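Undergrad: Here's a structure for you.
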Amino acid sequence: MSFKSWEVFELALIINIDKKKIPYRFEILLAGSLFEMEFHYNPDFNYFTVDLFKNKELIVFGEKLVYGLPLFHDIVDSRLPDVGLIPLDASGQTVEVNAQTLGETVFLTVVEWEMAYG
């Protein structure tokens, strides 16, 4: 399932990703569980990836941020957050995640699991 509608923003929280600090890692509370997210940028191909940790243990390595596609959508692991994490543009200006759009019009949104994964 892929989201292209800005309407999901009415129900979502935004994770602020500071592109100037990349690569960097931060802690975040998602659905009552503490995670660490580490973001990276590939300048050769203009895309971002994220590594996900829980209790200092690597759960997912190098997940690419793809517009409208929930992160970790193709991974079955009970340690993953019980929410959807989706790069979206509330303004409707773009449908790409790259250095020009991330943090400008495209933001990583946190939505209820059912909305993200059906």
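Chain labels A, B, ... are given in the sequence in which chains occur in the structure tokens; within each chain residues are numbered consecutively from 1, and ligands are likewise numbered from 1 in the order shown.
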Check chain A with DSSP on the backbone and list each residue it calls helix (DSSP H, G or I), as a list in words.

TA: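 Taking chain A and keeping helix (DSSP H, G or I) gives Trp6, Glu7, Val8, Phe9, Glu10, Leu11, Lys19, Lys20, Lys21, Trp113, Glu114, Met115, Ala116 and Tyr117 of chain A.
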
Undergrad: Using the chain letters and numbers from this document, which residues of chain A does DSSP assign to strand (DSSP E or B), as number ranges by chain?

TA: A: 13-15, 24-30, 33-42, 47-54, 57-64, 83-89, 102, 106-112

Undergrad: Considering only C-alpha atoms, state which residue in the set A:Asp44, A:Leu69, A:Leu34, A:Leu52 is at the smallest distance from A:Val97.

TA: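 Smallest distance to A:Val97 is found for A:Leu69.
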
Undergrad: Could you check the closest approach to A:Tyr24 for each of A:Thr94, A:Thr49, A:Ser78, A:Asn55 and tell me which residue wins, using only C-alpha atoms?

TA: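 When distances to A:Tyr24 are compared using only C-alpha atoms, the smallest one comes from A:Thr49.
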
Undergrad: Would you kindly return, as a ChimeraX atom specification, each protein, DNA or RNA residue with an atom no farther than 12 Å from any atom of stretch 36-42 of chain A, considering only C-alpha atoms and excluding same-chain residues fewer than 4 positions away?

TA: /A:15-30,46-65,71,80-81,85,97-99,102,108

Undergrad: Measure the distance from atom CA of A:Ser33 to atom CA of A:Leu88 in Å and round it to one decimal.

TA: 23.1 Å

Undergrad: When you count only C-alpha atoms, which of these residues is closest to A:Thr101: A:Gly68, A:Gly84, A:Arg79, A:Asp89?

TA: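 Counting only C-alpha atoms, the residue closest to A:Thr101 is A:Asp89.
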
Undergrad: In Å, how far is it from atom CA of A:Val111 to atom CA of A:His73?

TA: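 These atoms are spaced 13.2 Å apart.
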
Undergrad: Pick out the closest residue to A:Gln100 from this set: A:Val76, A:Pro43, A:Ile86, A:Pro70. Count only C-alpha atoms.

TA: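 Result for the nearest residue to A:Gln100: A:Pro43.
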
Undergrad: If I take atom CA of A:Ala31 and atom CA of A:Glu104, how far is one from the other in Å, to one decimal?

TA: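 Computing the Euclidean distance for atom CA of A:Ala31 and atom CA of A:Glu104 yields 25.6 Å.
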